[in-house]
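File shown here: run_19.csv, holding CSV, C-alpha atoms.
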```csv
chain,number,residue,atom,x,y,z
W,1,MET,CA,-2.8,-38.7,51.2
W,2,PHE,CA,-5.0,-39.1,48.1
W,3,PRO,CA,-7.1,-42.2,47.2
W,4,TRP,CA,-5.4,-42.6,43.8
W,5,ILE,CA,-2.0,-43.0,45.5
W,6,TYR,CA,-0.7,-46.6,45.8
W,7,GLU,CA,-1.4,-48.3,49.2
W,8,PHE,CA,-3.7,-45.5,50.3
W,9,ARG,CA,-5.7,-46.3,53.4
W,10,TRP,CA,-8.8,-44.5,54.6
W,11,THR,CA,-8.4,-43.0,58.0
W,12,ALA,CA,-10.1,-40.3,60.0
W,13,GLY,CA,-7.2,-38.0,59.3
W,14,HIS,CA,-7.4,-38.7,55.6
W,15,ILE,CA,-11.2,-38.0,55.5
W,16,ILE,CA,-10.7,-34.7,57.4
W,17,PHE,CA,-7.8,-33.7,55.1
W,18,LEU,CA,-9.6,-34.5,51.9
W,19,GLY,CA,-12.7,-32.7,53.1
W,20,VAL,CA,-10.8,-29.6,53.8
W,21,PHE,CA,-8.8,-29.8,50.5
W,22,PHE,CA,-11.8,-30.2,48.3
W,23,ALA,CA,-13.7,-27.5,50.2
W,24,VAL,CA,-10.8,-25.0,49.6
W,25,ALA,CA,-10.6,-26.1,45.9
W,26,ALA,CA,-14.3,-25.5,45.5
W,27,VAL,CA,-14.0,-22.0,47.0
W,28,VAL,CA,-11.1,-21.2,44.7
W,29,ALA,CA,-12.9,-22.5,41.6
W,30,SER,CA,-16.1,-20.6,42.4
W,31,THR,CA,-14.1,-17.4,43.1
W,32,VAL,CA,-12.3,-17.7,39.7
W,33,ILE,CA,-15.6,-18.4,37.9
W,34,LEU,CA,-17.3,-15.4,39.6
W,35,ALA,CA,-14.3,-13.1,38.7
W,36,LEU,CA,-14.5,-14.2,35.1
W,37,ARG,CA,-18.2,-13.5,34.9
W,38,ARG,CA,-17.7,-10.1,36.4
W,39,SER,CA,-14.8,-9.3,34.0
W,40,LYS,CA,-17.0,-10.3,31.0
W,41,LYS,CA,-19.8,-8.1,32.3
W,42,ALA,CA,-17.4,-5.2,32.9
W,43,ILE,CA,-16.1,-5.5,29.3
W,44,ALA,CA,-19.6,-5.4,27.9
W,45,ASP,CA,-20.6,-2.5,30.2
W,46,PRO,CA,-20.7,0.8,28.1
W,47,ARG,CA,-19.5,2.7,31.2
W,48,ARG,CA,-16.1,1.0,30.7
W,49,GLU,CA,-15.6,2.8,27.4
W,50,ALA,CA,-16.7,6.1,28.9
W,51,LEU,CA,-14.3,5.8,31.8
W,52,GLN,CA,-11.4,4.7,29.5
W,53,TRP,CA,-12.0,7.8,27.2
W,54,THR,CA,-12.2,10.2,30.2
W,55,SER,CA,-8.9,8.8,31.5
W,56,GLU,CA,-7.2,9.0,28.1
W,57,PHE,CA,-8.4,12.5,27.4
W,58,GLU,CA,-7.0,13.8,30.7
W,59,ASP,CA,-3.6,12.3,29.6
W,60,LEU,CA,-3.6,14.1,26.3
W,61,PRO,CA,-1.2,17.0,26.0
W,62,ALA,CA,-2.8,20.4,26.6
W,63,ALA,CA,-2.3,21.5,23.0
W,64,VAL,CA,-4.3,18.5,21.8
W,65,ARG,CA,-7.2,19.4,24.1
W,66,ALA,CA,-7.6,22.8,22.5
W,67,CYS,CA,-11.3,23.7,22.0
W,68,ARG,CA,-12.6,23.6,18.5
W,69,HIS,CA,-13.4,27.3,18.7
W,70,GLU,CA,-9.8,28.1,19.4
W,71,LEU,CA,-8.8,26.0,16.3
W,72,ALA,CA,-11.3,27.9,14.2
W,73,GLY,CA,-10.0,31.3,15.4
W,74,GLU,CA,-13.3,32.2,17.1
W,75,VAL,CA,-11.5,32.6,20.5
W,76,LYS,CA,-7.8,33.3,21.2
W,77,GLU,CA,-7.3,30.5,23.7
W,78,ARG,CA,-9.7,27.9,25.1
W,79,THR,CA,-9.2,24.4,26.5
W,80,CYS,CA,-11.9,21.7,26.1
W,81,HIS,CA,-13.1,20.4,29.4
W,82,HIS,CA,-15.8,18.1,28.0
W,83,GLU,CA,-13.7,15.3,26.4
W,84,PHE,CA,-14.4,16.7,22.9
W,85,ASP,CA,-18.1,16.1,23.5
W,86,CYS,CA,-19.7,19.4,22.7
W,87,ARG,CA,-23.1,17.9,23.4
W,88,SER,CA,-22.5,18.5,27.1
W,89,CYS,CA,-21.0,22.0,26.7
W,90,ALA,CA,-23.2,24.9,27.6
W,91,THR,CA,-21.0,27.4,25.7
W,92,HIS,CA,-20.9,25.7,22.4
W,93,PRO,CA,-24.4,26.7,21.3
W,94,ARG,CA,-23.5,30.3,21.8
W,95,PHE,CA,-20.6,30.0,19.4
W,96,LEU,CA,-22.9,28.3,16.9
W,97,ALA,CA,-25.5,31.0,17.2
W,98,ARG,CA,-22.9,33.8,16.7
W,99,MET,CA,-21.2,32.2,13.7
W,100,ALA,CA,-24.1,30.4,12.0
W,101,PRO,CA,-21.8,29.2,9.1
W,102,THR,CA,-23.1,27.8,5.9
W,103,VAL,CA,-21.5,24.7,4.5
W,104,ASP,CA,-21.2,23.9,0.8
W,105,ALA,CA,-21.6,20.1,0.9
W,106,ALA,CA,-20.2,19.8,-2.7
W,107,ALA,CA,-16.9,21.4,-1.7
W,108,GLU,CA,-13.8,20.0,0.0
W,109,GLU,CA,-10.8,21.3,1.9
W,110,THR,CA,-7.4,20.3,0.5
W,111,LEU,CA,-4.1,20.7,2.3
W,112,CYS,CA,-0.8,19.0,1.7
W,113,GLY,CA,-2.5,16.7,-0.8
W,114,ILE,CA,-5.2,15.7,1.7
W,115,ALA,CA,-8.8,16.1,0.6
W,116,MET,CA,-11.5,16.4,3.2
W,117,PRO,CA,-14.9,16.5,1.6
W,118,LEU,CA,-17.4,18.9,3.3
W,119,ASP,CA,-20.4,16.6,2.9
W,120,ARG,CA,-19.5,14.9,6.1
W,121,TYR,CA,-18.6,15.6,9.7
W,122,TYR,CA,-15.2,14.8,11.3
W,123,HIS,CA,-14.1,13.4,14.6
W,124,ARG,CA,-10.8,14.6,16.1
W,125,GLY,CA,-9.7,11.0,16.2
W,126,HIS,CA,-9.6,11.1,12.4
W,127,THR,CA,-12.9,9.4,11.5
W,128,TRP,CA,-15.7,10.9,9.4
W,129,VAL,CA,-19.5,10.6,9.6
W,130,LYS,CA,-21.8,11.0,6.6
W,131,PRO,CA,-25.6,11.1,7.2
W,132,GLY,CA,-27.6,8.8,5.0
W,133,GLY,CA,-30.9,10.7,5.3
W,134,ASP,CA,-32.7,7.6,6.5
W,135,GLY,CA,-31.5,7.5,10.1
W,136,THR,CA,-28.2,5.7,9.2
W,137,PHE,CA,-24.7,7.1,9.2
W,138,THR,CA,-21.7,5.9,7.3
W,139,ILE,CA,-18.4,6.0,9.2
W,140,GLY,CA,-14.9,5.9,7.8
W,141,LEU,CA,-11.3,6.8,8.4
W,142,ASP,CA,-10.4,10.2,7.0
W,143,GLU,CA,-7.7,10.7,4.4
W,144,PHE,CA,-5.2,12.0,7.0
W,145,GLY,CA,-5.5,8.9,9.0
W,146,GLY,CA,-5.5,6.7,5.9
W,147,ARG,CA,-2.3,8.2,4.5
W,148,MET,CA,-0.6,8.2,7.9
W,149,ILE,CA,-1.4,4.5,8.6
W,150,GLY,CA,-1.7,3.1,5.1
W,151,GLN,CA,-3.4,-0.2,4.3
W,152,PRO,CA,-4.1,-2.0,7.5
W,153,ASP,CA,-2.8,-5.6,7.8
W,154,ALA,CA,-6.0,-6.7,9.5
W,155,VAL,CA,-9.3,-5.1,10.7
W,156,ALA,CA,-11.6,-6.2,13.5
W,157,LEU,CA,-15.1,-4.8,13.2
W,158,PRO,CA,-17.9,-5.0,15.8
W,159,GLU,CA,-20.8,-7.3,15.1
W,160,VAL,CA,-23.9,-6.2,13.3
W,161,GLY,CA,-26.5,-5.4,16.0
W,162,SER,CA,-23.9,-4.3,18.6
W,163,THR,CA,-23.7,-0.7,19.9
W,164,VAL,CA,-20.8,1.7,19.5
W,165,LEU,CA,-20.5,4.8,21.7
W,166,ALA,CA,-18.9,8.1,20.7
W,167,ASN,CA,-15.3,8.2,21.8
W,168,GLY,CA,-15.4,4.5,22.6
W,169,THR,CA,-13.9,1.8,20.4
W,170,GLY,CA,-15.3,1.9,16.8
W,171,TRP,CA,-13.0,-0.8,15.4
W,172,THR,CA,-9.4,-2.0,15.7
W,173,MET,CA,-6.7,-2.3,13.1
W,174,ARG,CA,-3.4,-4.2,13.0
W,175,LYS,CA,-0.5,-2.5,11.3
W,176,ARG,CA,2.9,-4.1,11.4
W,177,GLU,CA,3.1,-5.2,15.1
W,178,SER,CA,0.8,-2.4,16.3
W,179,GLU,CA,-2.9,-2.8,17.5
W,180,LEU,CA,-4.6,0.5,16.7
W,181,ARG,CA,-7.9,1.4,18.3
W,182,VAL,CA,-10.1,3.8,16.2
W,183,LEU,CA,-12.6,5.9,18.2
W,184,ALA,CA,-16.2,5.8,17.2
W,185,PRO,CA,-17.4,9.3,16.2
W,186,ILE,CA,-21.1,8.9,17.3
W,187,ASP,CA,-23.4,6.6,19.2
W,188,GLY,CA,-25.3,4.0,17.2
W,189,VAL,CA,-26.3,0.4,16.5
W,190,VAL,CA,-24.2,-1.3,13.8
W,191,VAL,CA,-26.3,-2.2,10.8
W,192,GLU,CA,-23.7,-2.9,8.2
W,193,LEU,CA,-20.0,-3.6,8.0
W,194,GLY,CA,-17.5,-2.2,5.5
W,195,GLY,CA,-13.7,-2.2,5.4
W,196,PRO,CA,-10.8,-0.4,3.8
W,197,GLU,CA,-11.6,-1.9,0.4
W,198,LYS,CA,-15.1,-0.2,0.5
W,199,GLY,CA,-13.7,3.2,1.7
W,200,TRP,CA,-15.8,3.1,4.9
W,201,TYR,CA,-15.9,0.8,7.9
W,202,LEU,CA,-19.3,1.0,9.6
W,203,LYS,CA,-22.9,2.0,9.0
W,204,VAL,CA,-24.9,2.7,12.2
W,205,ARG,CA,-28.4,3.7,13.0
W,206,SER,CA,-28.7,6.5,15.5
W,207,GLU,CA,-31.4,8.7,16.9
W,208,GLY,CA,-31.4,12.5,17.3
W,209,THR,CA,-29.4,13.5,14.3
W,210,GLU,CA,-28.6,17.1,15.3
W,211,GLN,CA,-27.6,16.2,18.9
W,212,GLN,CA,-25.5,13.2,17.7
W,213,LEU,CA,-23.4,15.4,15.4
W,214,ARG,CA,-23.0,18.5,17.6
W,215,HIS,CA,-19.5,17.5,18.8
W,216,LEU,CA,-18.1,16.8,15.3
W,217,LEU,CA,-16.1,19.3,13.2
W,218,ARG,CA,-17.5,20.6,9.9
W,219,GLY,CA,-17.2,23.3,7.3
W,220,HIS,CA,-14.9,26.3,8.3
W,221,GLU,CA,-13.4,24.2,11.2
W,222,ILE,CA,-11.8,21.6,9.0
W,223,ARG,CA,-8.9,23.5,7.5
W,224,PRO,CA,-7.5,25.0,10.7
W,225,TRP,CA,-7.9,21.7,12.5
W,226,LEU,CA,-6.1,19.9,9.6
W,227,VAL,CA,-3.3,22.5,9.8
W,228,ARG,CA,-3.0,21.9,13.6
W,229,GLU,CA,-2.9,18.1,13.0
W,230,LEU,CA,-0.2,18.3,10.4
W,231,GLU,CA,1.9,20.5,12.7
W,232,ARG,CA,1.3,17.9,15.5
W,233,LEU,CA,2.4,15.1,13.2
W,234,GLU,CA,5.4,17.1,12.0
W,235,TYR,CA,6.5,17.7,15.6
W,236,ALA,CA,6.1,14.0,16.5
W,237,LEU,CA,8.3,13.1,13.6
W,238,SER,CA,10.8,16.0,13.6
W,239,PRO,CA,13.4,14.3,15.8
W,240,ASP,CA,13.7,11.6,13.1
W,241,GLY,CA,13.5,14.0,10.2
W,242,ILE,CA,11.6,12.1,7.4
W,243,GLY,CA,11.1,15.1,5.2
W,244,LEU,CA,7.6,16.2,6.2
W,245,SER,CA,7.5,20.0,6.1
W,246,LEU,CA,4.6,22.3,6.1
W,247,ALA,CA,6.8,25.3,5.5
W,248,ASP,CA,7.7,24.2,1.9
W,249,GLY,CA,4.3,22.7,1.1
W,250,GLY,CA,5.3,19.1,1.8
W,251,GLU,CA,2.7,16.5,0.9
W,252,LEU,CA,1.6,13.8,3.3
W,253,MET,CA,2.4,10.7,1.2
W,254,PRO,CA,0.4,7.5,1.3
W,255,GLU,CA,1.9,4.8,3.5
W,256,LEU,CA,3.9,7.5,5.3
W,257,TRP,CA,5.5,5.1,7.6
W,258,LYS,CA,7.5,3.6,4.7
W,259,GLN,CA,9.6,6.8,4.6
W,260,ALA,CA,11.1,5.9,8.0
W,261,PRO,CA,10.1,2.4,9.1
W,262,GLU,CA,12.5,2.6,12.1
W,263,ILE,CA,10.4,5.3,13.8
W,264,ASP,CA,8.2,4.3,16.7
W,265,TRP,CA,5.1,4.4,14.6
W,266,GLU,CA,3.0,2.7,17.2
W,267,GLY,CA,3.5,5.7,19.4
W,268,VAL,CA,2.9,8.2,16.5
W,269,TRP,CA,-0.3,6.4,15.3
W,270,GLY,CA,-1.6,6.1,18.8
W,271,SER,CA,-1.0,9.8,19.5
W,272,MET,CA,-2.7,11.0,16.4
W,273,LEU,CA,-5.7,8.7,17.0
W,274,LEU,CA,-6.0,10.2,20.5
W,275,GLN,CA,-4.6,7.2,22.4
W,276,ALA,CA,-2.7,8.9,25.2
```

Write out the structure in this file as structure tokens.
Amino acid sequence: MFPWIYEFRWTAGHIIFLGVFFAVAAVVASTVILALRRSKKAIADPRREALQWTSEFEDLPAAVRACRHELAGEVKERTCHHEFDCRSCATHPRFLARMAPTVDAAAEETLCGIAMPLDRYYHRGHTWVKPGGDGTFTIGLDEFGGRMIGQPDAVALPEVGSTVLANGTGWTMRKRESELRVLAPIDGVVVELGGPEKGWYLKVRSEGTEQQLRHLLRGHEIRPWLVRELERLEYALSPDGIGLSLADGGELMPELWKQAPEIDWEGVWGSMLLQA
């Protein structure tokens, strides 16, 4: 039926068949190419990150979605309905006006061996943000996340000049066989890359400092949040019993996974990094 087959002879039937065959092949090829182009565009579309976070947030357990003001004891019970983005919450400014807390930037909160310096802001996905005073912000993984995960086997950082969005992907890390997605704490354009050896991962340039940082935890909120996170981690690990205990002042050891490598750490890490 095809010209390259031995003893092929051109006939009207062959011409019709080949015309139809190559027309169908051209349609299939163009459809595949168009789909690939659309997929590439969708991957690059910032709305994809926003939609992914909204979906993942709704799948988080109710206890994890507790409002920051519940964690800080400012209200008995309150669930966040803004995907941890206080910038869109009409009630959050009222709490701020009522409390008006001062922060000693030279101090730090320490709990179970974990030090959380108060010269920076914290995202509930365990990253921190430190303003540089020149419109840039340094972003890193907090000590809780660092001890829980340990030294990553590999790190994939975004390109300089690319844009990261709050609650979208900041960077990814590979640990053992797990691919971990770390959420970006703020919006910004990447201007410099770091890594675990530098103690930070990204530097970004961002506009509107106060508004950009409004959804992040700071000062008096850090300790109660850290207590809740340690309890959440303890609960996640309690069926396997690896010796983490808040009641007796247990310390969160570096490379925690080594205490019980048989645990489903991919699930534990994902849960603590807010991957539902």

(message) Ranking W:His123, W:Leu233, W:Leu111, W:Ile16 by minimum distance to Cys86 of chain W and counting all atoms listed in the file, which one comes first?
(response) W:His123

(request) For atom CA of Glu74 of chain W and atom CA of Arg124 of chain W, determine how far apart the two atoms are, in Å to one decimal place. (result) 17.8 Å

Distance table requested - segment 116-181 of chain W against segment 196-214 of chain W, cut-off 8 Å, all atoms listed in the file: one row per qualifying residue with the closest atom pair and its distance in Å to one decimal, ordered by chain and rising residue number, as CSV.
```
residue,atom,partner,partner_atom,distance
W:Tyr121,CA,W:Leu213,CA,7.5
W:Gly135,CA,W:Arg205,CA,5.7
W:Thr136,CA,W:Arg205,CA,4.3
W:Phe137,CA,W:Val204,CA,5.3
W:Thr138,CA,W:Lys203,CA,4.4
W:Ile139,CA,W:Leu202,CA,5.1
W:Gly140,CA,W:Trp200,CA,4.1
W:Leu141,CA,W:Trp200,CA,6.8
W:Gln151,CA,W:Pro196,CA,7.4
W:Pro152,CA,W:Pro196,CA,7.8
W:Leu157,CA,W:Tyr201,CA,7.8
```

(request) Could you tell me which of W:Lys258, W:Arg147, W:Arg87, W:His82 comes closest to Ile186 of chain W if we count all atoms listed in the file? (result) W:Arg87

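Using all atoms listed in the file, the nearest neighbour of Gly73 of chain W within the list W:Gly170, W:Pro224, W:Gly19, W:Gly194 is W:Pro224.
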
(request) Tell me, in Å to one decimal, how far atom CA of Glu49 of chain W is from atom CA of Thr169 of chain W. (result) 7.3 Å

(message) Rounded to one decimal, what separation in Å do you get between atom CA of Gly150 of chain W and atom CA of Leu180 of chain W?
(response)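 If I compute the distance from atom CA of Gly150 of chain W to atom CA of Leu180 of chain W, I get 12.2 Å.
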
(message) Need to verify the contact set: Leu183 of chain W, 9 Å, all atoms listed in the file, exclusion of same-chain residues closer than 2 positions in sequence. Can you return it as JSON, numbers by chain?
(response) {"W": [123, 125, 126, 127, 165, 166, 167, 168, 169, 170, 171, 172, 181, 185, 273, 274]}

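Nearest residue to Glu266 of chain W among W:Ala107, W:Ile149, W:Val155, W:Cys89 is W:Ile149, counting all atoms listed in the file.
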
(message) Measuring between only C-alpha atoms, which one of W:Cys80, W:Ala97, W:Gly132, W:Ala50 shows the shortest distance to Ala62 of chain W?
(response) W:Cys80

(message) I need the residue nearest Asp119 of chain W from this list: W:Ile222, W:Leu256, W:Ala12, W:Ala156. Use all atoms listed in the file for the distance.
(response)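 Residue with the minimum atom-to-atom distance to Asp119 of chain W: W:Ile222.
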